[in-house]
$ cat target-v7.tsv   # TSV, C-alpha atoms
chain	number	residue	atom	x	y	z
A	1	MET	CA	191.35	186.84	56.65
A	2	THR	CA	189.76	185.88	59.93
A	3	TRP	CA	187.13	183.89	61.80
A	4	THR	CA	184.43	185.66	63.80
A	5	PHE	CA	182.38	183.74	66.37
A	6	THR	CA	179.16	184.53	68.18
A	7	ASP	CA	176.39	182.84	70.10
A	8	ASP	CA	173.82	185.27	68.72
A	9	VAL	CA	171.94	183.95	65.71
A	10	ASP	CA	170.90	187.38	64.46
A	11	THR	CA	174.50	188.60	64.47
A	12	PHE	CA	175.50	185.49	62.54
A	13	LEU	CA	172.76	185.87	59.94
A	14	ASP	CA	173.43	189.59	59.52
A	15	ALA	CA	176.97	188.66	58.52
A	16	ALA	CA	176.55	185.32	56.73
A	17	GLY	CA	172.87	185.07	55.86
A	18	ALA	CA	173.18	186.39	52.31
A	19	SER	CA	176.05	184.01	51.59
A	20	LEU	CA	174.04	181.05	52.90
A	21	ALA	CA	170.89	182.02	50.98
A	22	ALA	CA	172.86	182.31	47.74
A	23	ARG	CA	173.36	178.51	47.85
A	24	PRO	CA	170.27	177.33	49.75
A	25	ALA	CA	170.48	173.67	48.78
A	26	GLU	CA	174.00	173.13	50.07
A	27	ASN	CA	173.23	175.25	53.16
A	28	THR	CA	169.79	173.85	53.90
A	29	VAL	CA	170.68	172.47	57.33
A	30	VAL	CA	172.31	175.72	58.49
A	31	LEU	CA	169.33	177.71	57.27
A	32	THR	CA	166.77	175.53	59.06
A	33	VAL	CA	168.82	175.27	62.27
A	34	THR	CA	169.28	179.03	62.48
A	35	ALA	CA	165.56	179.50	61.83
A	36	THR	CA	164.87	177.22	64.82
A	37	LEU	CA	167.34	179.15	66.99
A	38	ARG	CA	165.58	182.37	66.05
A	39	ARG	CA	162.23	180.90	66.93
A	40	HIS	CA	163.07	179.07	70.15
A	41	GLY	CA	166.20	180.72	71.48
A	42	PRO	CA	169.81	179.60	72.01
A	43	HIS	CA	168.89	176.41	73.88
A	44	ALA	CA	166.58	175.07	71.19
A	45	PHE	CA	168.80	172.00	70.65
A	46	GLY	CA	170.47	171.49	74.01
A	47	ASP	CA	171.57	173.01	77.29
A	48	HIS	CA	174.65	174.70	75.85
A	49	ALA	CA	174.63	177.90	73.81
A	50	PRO	CA	175.40	177.55	70.11
A	51	VAL	CA	178.64	178.60	68.45
A	52	LEU	CA	178.19	180.29	65.09
A	53	GLY	CA	181.07	181.55	63.00
A	54	TRP	CA	182.02	182.86	59.59
A	55	TRP	CA	185.30	183.28	57.73
A	56	ARG	CA	186.02	186.36	55.64
A	57	GLY	CA	188.61	186.13	52.91
A	58	ALA	CA	191.02	188.79	51.79
A	59	ASP	CA	188.26	190.36	49.68
A	60	GLY	CA	186.04	190.75	52.74
A	61	GLU	CA	183.46	188.25	51.51
A	62	VAL	CA	182.15	185.38	53.65
A	63	ALA	CA	183.86	182.17	52.50
A	64	GLY	CA	182.62	179.48	54.87
A	65	THR	CA	180.65	178.98	58.07
A	66	VAL	CA	180.61	176.82	61.18
A	67	LEU	CA	177.56	176.04	63.29
A	68	ARG	CA	177.75	174.02	66.50
A	69	THR	CA	174.64	173.25	68.56
A	70	PRO	CA	175.74	170.74	71.24
A	71	PRO	CA	175.24	167.80	71.46
A	72	HIS	CA	175.17	167.75	67.64
A	73	PRO	CA	178.36	167.70	65.56
A	74	ALA	CA	179.64	171.01	64.22
A	75	THR	CA	178.37	171.69	60.70
A	76	LEU	CA	180.98	173.16	58.35
A	77	ASN	CA	179.99	174.54	54.99
A	78	ALA	CA	182.10	175.44	51.96
A	79	LEU	CA	185.25	176.51	53.78
A	80	VAL	CA	188.09	177.72	51.65
A	81	PRO	CA	191.22	175.64	52.39
A	82	GLU	CA	193.04	178.40	54.24
A	83	ALA	CA	190.17	178.70	56.76
A	84	VAL	CA	190.42	175.16	58.10
A	85	GLY	CA	193.66	175.44	60.10
A	86	PRO	CA	192.63	178.64	61.91
A	87	LEU	CA	189.24	177.09	62.72
A	88	MET	CA	190.84	174.01	64.25
A	89	ALA	CA	193.11	176.26	66.32
A	90	ALA	CA	190.23	178.46	67.49
A	91	LEU	CA	187.65	175.81	68.41
A	92	HIS	CA	188.00	172.48	70.17
A	93	LEU	CA	186.12	170.32	67.68
A	94	THR	CA	185.76	166.55	68.06
A	95	HIS	CA	182.97	165.76	65.56
A	96	VAL	CA	182.19	167.57	62.32
A	97	ASN	CA	179.69	167.22	59.50
A	98	ALA	CA	181.13	168.75	56.35
A	99	ASP	CA	181.21	168.68	52.58
A	100	LEU	CA	183.81	166.24	51.24
A	101	ALA	CA	186.58	168.77	50.59
A	102	THR	CA	186.23	170.38	54.00
A	103	ALA	CA	185.95	167.03	55.79
A	104	ARG	CA	189.17	165.84	54.18
A	105	ALA	CA	190.94	169.05	55.18
A	106	VAL	CA	189.77	168.60	58.79
A	107	ALA	CA	190.79	164.93	58.72
A	108	ALA	CA	194.36	166.01	57.95
A	109	HIS	CA	194.44	167.49	61.48
A	110	TRP	CA	193.09	164.28	63.03
A	111	PRO	CA	195.36	161.29	62.37
A	112	GLY	CA	193.35	158.14	62.92
A	113	HIS	CA	190.03	159.93	62.54
A	114	ARG	CA	186.85	157.88	62.09
A	115	VAL	CA	184.26	158.28	59.36
A	116	GLU	CA	180.99	157.89	61.26
A	117	GLU	CA	178.61	158.38	58.35
A	118	GLU	CA	178.57	159.20	54.65
A	119	GLN	CA	175.58	161.30	53.61
A	120	ARG	CA	174.17	162.24	50.24
A	121	LEU	CA	172.03	165.27	49.45
A	122	TYR	CA	169.32	164.65	46.87
A	123	ARG	CA	167.20	167.13	44.92
A	124	LEU	CA	163.77	166.28	43.52
A	125	GLY	CA	163.63	166.19	39.75
A	126	GLU	CA	160.52	164.89	38.02
A	127	LEU	CA	158.36	163.30	40.70
A	128	VAL	CA	157.49	159.67	39.91
A	129	PRO	CA	154.81	158.34	42.27
A	130	PRO	CA	155.46	154.71	43.24
A	131	SER	CA	153.86	152.17	40.95
A	132	PRO	CA	152.20	150.00	41.97
A	133	ALA	CA	151.08	152.20	44.82
A	134	PRO	CA	150.74	150.56	48.23
A	135	GLY	CA	147.38	150.21	49.87
A	136	GLY	CA	146.07	153.13	51.84
A	137	ARG	CA	146.30	156.90	51.56
A	138	ALA	CA	148.12	159.94	52.89
A	139	ARG	CA	146.63	162.23	55.48
A	140	ALA	CA	147.86	165.09	57.63
A	141	ALA	CA	148.90	164.24	61.17
A	142	THR	CA	146.54	165.60	63.82
A	143	PRO	CA	146.75	166.08	67.60
A	144	ALA	CA	145.05	162.70	67.96
A	145	ASP	CA	148.26	161.12	66.59
A	146	ARG	CA	150.46	162.74	69.23
A	147	GLU	CA	151.22	159.70	71.37
A	148	LEU	CA	152.09	157.61	68.32
A	149	LEU	CA	154.39	160.33	66.97
A	150	LEU	CA	156.06	160.71	70.36
A	151	ASP	CA	157.06	157.04	69.96
A	152	TRP	CA	158.09	157.35	66.32
A	153	PHE	CA	160.29	160.46	66.59
A	154	PRO	CA	162.74	158.97	69.14
A	155	ALA	CA	162.72	155.69	67.22
A	156	PHE	CA	163.71	157.51	64.04
A	157	SER	CA	166.45	159.43	65.87
A	158	ALA	CA	167.86	156.24	67.39
A	159	GLU	CA	167.98	154.48	64.02
A	160	ALA	CA	169.61	157.53	62.43
A	161	GLY	CA	172.32	157.53	65.07
A	162	GLY	CA	171.51	161.01	66.32
A	163	PRO	CA	172.26	162.22	69.84
A	164	GLY	CA	168.60	162.15	70.77
A	165	ARG	CA	166.57	164.86	72.45
A	166	SER	CA	164.78	165.39	75.72
A	167	PRO	CA	161.09	164.34	75.80
A	168	ALA	CA	160.15	168.02	75.88
A	169	ARG	CA	162.04	168.72	72.65
A	170	TYR	CA	160.46	165.75	70.89
A	171	ALA	CA	157.06	167.00	72.05
A	172	ARG	CA	157.80	170.48	70.73
A	173	ALA	CA	158.84	169.07	67.34
A	174	VAL	CA	155.71	166.93	67.09
A	175	ASP	CA	153.31	169.65	68.21
A	176	GLU	CA	154.85	172.36	66.05
A	177	ARG	CA	154.96	170.27	62.89
A	178	THR	CA	151.44	168.96	63.43
A	179	ALA	CA	150.02	172.44	64.00
A	180	GLU	CA	151.77	173.77	60.87
A	181	GLY	CA	150.72	170.88	58.62
A	182	ARG	CA	154.30	169.67	58.17
A	183	LEU	CA	153.77	166.03	59.17
A	184	THR	CA	152.05	163.51	56.91
A	185	LEU	CA	151.05	159.96	57.74
A	186	TRP	CA	150.41	157.07	55.40
A	187	GLU	CA	147.43	155.13	56.66
A	188	ASP	CA	146.43	151.63	55.55
A	189	GLY	CA	143.25	150.02	56.77
A	190	GLY	CA	142.78	152.88	59.22
A	191	LEU	CA	146.22	152.24	60.77
A	192	PRO	CA	149.11	154.75	60.48
A	193	VAL	CA	152.05	152.83	59.01
A	194	SER	CA	154.60	155.48	57.95
A	195	MET	CA	155.34	159.19	58.33
A	196	ALA	CA	157.23	161.95	56.57
A	197	GLY	CA	157.86	165.51	57.62
A	198	VAL	CA	159.05	168.59	55.80
A	199	SER	CA	160.98	171.65	56.91
A	200	PRO	CA	159.68	175.20	56.60
A	201	ARG	CA	160.45	176.72	53.20
A	202	ILE	CA	163.54	178.94	53.50
A	203	ALA	CA	165.19	180.70	50.55
A	204	GLY	CA	162.85	178.75	48.29
A	205	VAL	CA	163.96	175.35	49.62
A	206	ALA	CA	162.10	172.70	51.62
A	207	ARG	CA	163.76	169.56	53.01
A	208	VAL	CA	161.99	166.27	53.65
A	209	ALA	CA	162.71	164.89	57.14
A	210	PRO	CA	162.11	162.78	59.06
A	211	VAL	CA	160.90	159.73	57.13
A	212	TYR	CA	160.09	156.74	59.32
A	213	THR	CA	158.31	153.42	58.97
A	214	PRO	CA	158.17	151.05	61.97
A	215	PRO	CA	159.97	147.74	61.30
A	216	GLU	CA	156.77	145.72	61.21
A	217	HIS	CA	155.41	147.80	58.30
A	218	ARG	CA	158.52	147.93	56.11
A	219	GLY	CA	158.93	146.43	52.67
A	220	ARG	CA	155.47	147.40	51.45
A	221	GLY	CA	156.19	150.73	49.74
A	222	TYR	CA	154.75	152.97	52.43
A	223	ALA	CA	157.89	155.14	52.82
A	224	ALA	CA	158.07	155.79	49.08
A	225	ALA	CA	154.39	156.72	48.98
A	226	VAL	CA	154.44	159.11	51.93
A	227	THR	CA	157.70	160.71	50.76
A	228	ALA	CA	156.26	161.24	47.30
A	229	GLU	CA	153.18	162.85	48.83
A	230	VAL	CA	155.06	165.34	51.02
A	231	SER	CA	157.42	166.11	48.14
A	232	ARG	CA	154.49	166.88	45.85
A	233	ALA	CA	152.84	169.02	48.50
A	234	ALA	CA	156.03	171.00	49.17
A	235	ARG	CA	156.46	171.72	45.47
A	236	ASP	CA	152.78	172.65	45.10
A	237	ALA	CA	153.13	175.01	48.07
A	238	GLY	CA	155.80	176.97	46.22
A	239	ALA	CA	159.16	175.35	46.98
A	240	ASP	CA	161.66	175.99	44.20
A	241	GLU	CA	163.65	172.97	45.33
A	242	VAL	CA	162.75	169.94	47.45
A	243	LEU	CA	165.67	168.17	49.10
A	244	LEU	CA	166.46	165.28	51.39
A	245	TYR	CA	169.51	163.65	52.95
A	246	THR	CA	170.25	159.95	53.14
A	247	ASP	CA	172.79	157.72	54.83
A	248	LEU	CA	174.77	156.08	52.01
A	249	ALA	CA	175.10	152.96	54.15
A	250	ASN	CA	171.36	152.36	53.65
A	251	PRO	CA	170.90	151.21	50.04
A	252	THR	CA	167.17	150.61	50.60
A	253	SER	CA	166.33	154.23	51.37
A	254	ASN	CA	168.63	155.53	48.62
A	255	GLY	CA	166.88	153.25	46.14
A	256	VAL	CA	163.45	154.40	47.32
A	257	TYR	CA	164.26	158.06	46.78
A	258	THR	CA	165.90	157.69	43.39
A	259	ARG	CA	162.92	155.67	42.12
A	260	ILE	CA	160.51	158.49	42.95
A	261	GLY	CA	162.63	161.14	41.23
A	262	TYR	CA	165.37	162.34	43.58
A	263	ARG	CA	168.79	162.96	42.04
A	264	PRO	CA	172.19	163.30	43.78
A	265	VAL	CA	173.56	166.78	44.47
A	266	SER	CA	176.56	166.36	46.77
A	267	ASP	CA	178.03	164.20	49.53
A	268	ARG	CA	179.04	164.97	53.10
A	269	LEU	CA	181.00	163.14	55.78
A	270	LEU	CA	180.44	162.94	59.52
A	271	ILE	CA	183.90	162.40	61.00
A	272	SER	CA	185.25	162.26	64.53
A	273	ALA	CA	188.68	162.61	66.07
A	274	ARG	CA	190.23	159.70	67.91
A	275	GLU	CA	190.53	160.29	71.65
A	276	SER	CA	194.21	161.21	71.51
A	277	ASP	CA	193.40	164.00	69.01
A	278	GLU	CA	190.59	165.49	71.08
$ encode --input "target-v7.tsv" --output "structure tokens"
Amino acid sequence: MTWTFTDDVDTFLDAAGASLAARPAENTVVLTVTATLRRHGPHAFGDHAPVLGWWRGADGEVAGTVLRTPPHPATLNALVPEAVGPLMAALHLTHVNADLATARAVAAHWPGHRVEEEQRLYRLGELVPPSPAPGGRARAATPADRELLLDWFPAFSAEAGGPGRSPARYARAVDERTAEGRLTLWEDGGLPVSMAGVSPRIAGVARVAPVYTPPEHRGRGYAAAVTAEVSRAARDAGADEVLLYTDLANPTSNGVYTRIGYRPVSDRLLISARESDE
């Protein structure tokens, strides 16, 4: 029983890829992050190289993974209990995003830890378009929307409490998603008022993100409408499952998604060590 660590995404996926793909919903973030690392190299998310690791149990099978792409928290997935202590001894972790059982096991090593965010994974069931529908219509983002999207992406990240990205990384995300048809705008009266994106389909799964409506356009149903549209399109394009994550501290967004047909799958915690534990 041991951890193995690497900074090479292909080595990681050769070892753990089949295990991750066997449960693509629960592992959706790891699958999309590793796809980005494969596409853009080890510095796709920041200046430091990633740390990728997997735990093998006594039977030789992979039984949990860790993925750290600074400055983002380490993502832990489905660790068996006996893997947590050795992981904490091997890596200096200060922030983790993990399923509830794993997060609680990590928290036992961090007296006085803080819960930074509670997240819920939702899966699309029967899609229910919003009724009444808001004014306007959906359309694909185009290069002409670039400057607007370069304002909206950092605004979304700031509201979500993320670490942010360099301007070049925001530009890459906007340009890539626009070119691949993975960004949709809701337009009302000729004015873009909301956006929703979708991840590439991996292991049959697509994940909706980001979803953003500027404050001045909120409360009119635009987010529900544009989310419903990208969800429908992802399913029509062949996704077996369409997922999204929410912050449980935001009852408005959780209500929006459940009304259009999303159903809870599982919860995760983002926790951090207090300074004396770091």
$ closest_atom_pairs --input "target-v7.tsv" --of "stretch 83-189 of chain A" --to "stretch 29-53 of chain A" --cutoff "10 Å" --atoms "only C-alpha atoms" --output "JSON lines"
{"residue": "A:Leu87", "atom": "CA", "partner": "A:Gly53", "partner_atom": "CA", "distance": 9.3}
{"residue": "A:Leu91", "atom": "CA", "partner": "A:Val51", "partner_atom": "CA", "distance": 9.4}
{"residue": "A:Gly164", "atom": "CA", "partner": "A:Phe45", "partner_atom": "CA", "distance": 9.9}
{"residue": "A:Arg165", "atom": "CA", "partner": "A:Phe45", "partner_atom": "CA", "distance": 7.7}
{"residue": "A:Ser166", "atom": "CA", "partner": "A:Gly46", "partner_atom": "CA", "distance": 8.5}
{"residue": "A:Arg169", "atom": "CA", "partner": "A:Phe45", "partner_atom": "CA", "distance": 7.8}
{"residue": "A:Arg172", "atom": "CA", "partner": "A:Ala44", "partner_atom": "CA", "distance": 9.9}
$ closest_residue --input "target-v7.tsv" --among "A:Gly189, A:Gly125, A:Gly57, A:Pro81" --to "A:Arg263" --atoms "only C-alpha atoms"
A:Gly125
$ residues_near_point --input "target-v7.tsv" --point "(192.1, 174.0, 62.5)" --cutoff "10 Å" --atoms "all atoms listed in the file" --output "count of residues only"
18
$ closest_residue --input "target-v7.tsv" --among "A:Glu61, A:Glu117, A:Asp99, A:Glu229" --to "A:Ala133" --atoms "all atoms listed in the file"
A:Glu229
$ atom_distance --input "target-v7.tsv" --atom1 "atom CA of A:Pro210" --atom2 "atom CA of A:Pro132"
23.5 Å
$ atom_distance --input "target-v7.tsv" --atom1 "atom CA of A:Ile202" --atom2 "atom CA of A:Arg259"
25.9 Å
$ atom_distance --input "target-v7.tsv" --atom1 "atom CA of A:Thr142" --atom2 "atom CA of A:Thr213"
17.6 Å
$ residues_around --input "target-v7.tsv" --residues "A:Val115" --least-positions-apart "4" --cutoff "12 Å" --atoms "all atoms listed in the file" --output "list in words"
His95, Val96, Asn97, Ala98, Leu100, Ala103, Arg104, Val106, Ala107, Trp110, Pro111, Gln119, Ala249, Arg268, Leu269, Leu270, Ile271, Ser272, Ala273 and Arg274 of chain A
$ closest_residue --input "target-v7.tsv" --among "A:Arg139, A:Arg123, A:Arg177, A:Arg146" --to "A:Arg207" --atoms "only C-alpha atoms"
A:Arg123
$ residues_near_point --input "target-v7.tsv" --point "(175.4, 185.0, 64.4)" --cutoff "10 Å" --atoms "all atoms listed in the file" --output "ChimeraX atom specification"
/A:4-17,34,50-54,67
$ closest_residue --input "target-v7.tsv" --among "A:Val80, A:Ala101, A:Val198, A:Ala160" --to "A:Leu185" --atoms "only C-alpha atoms"
A:Val198
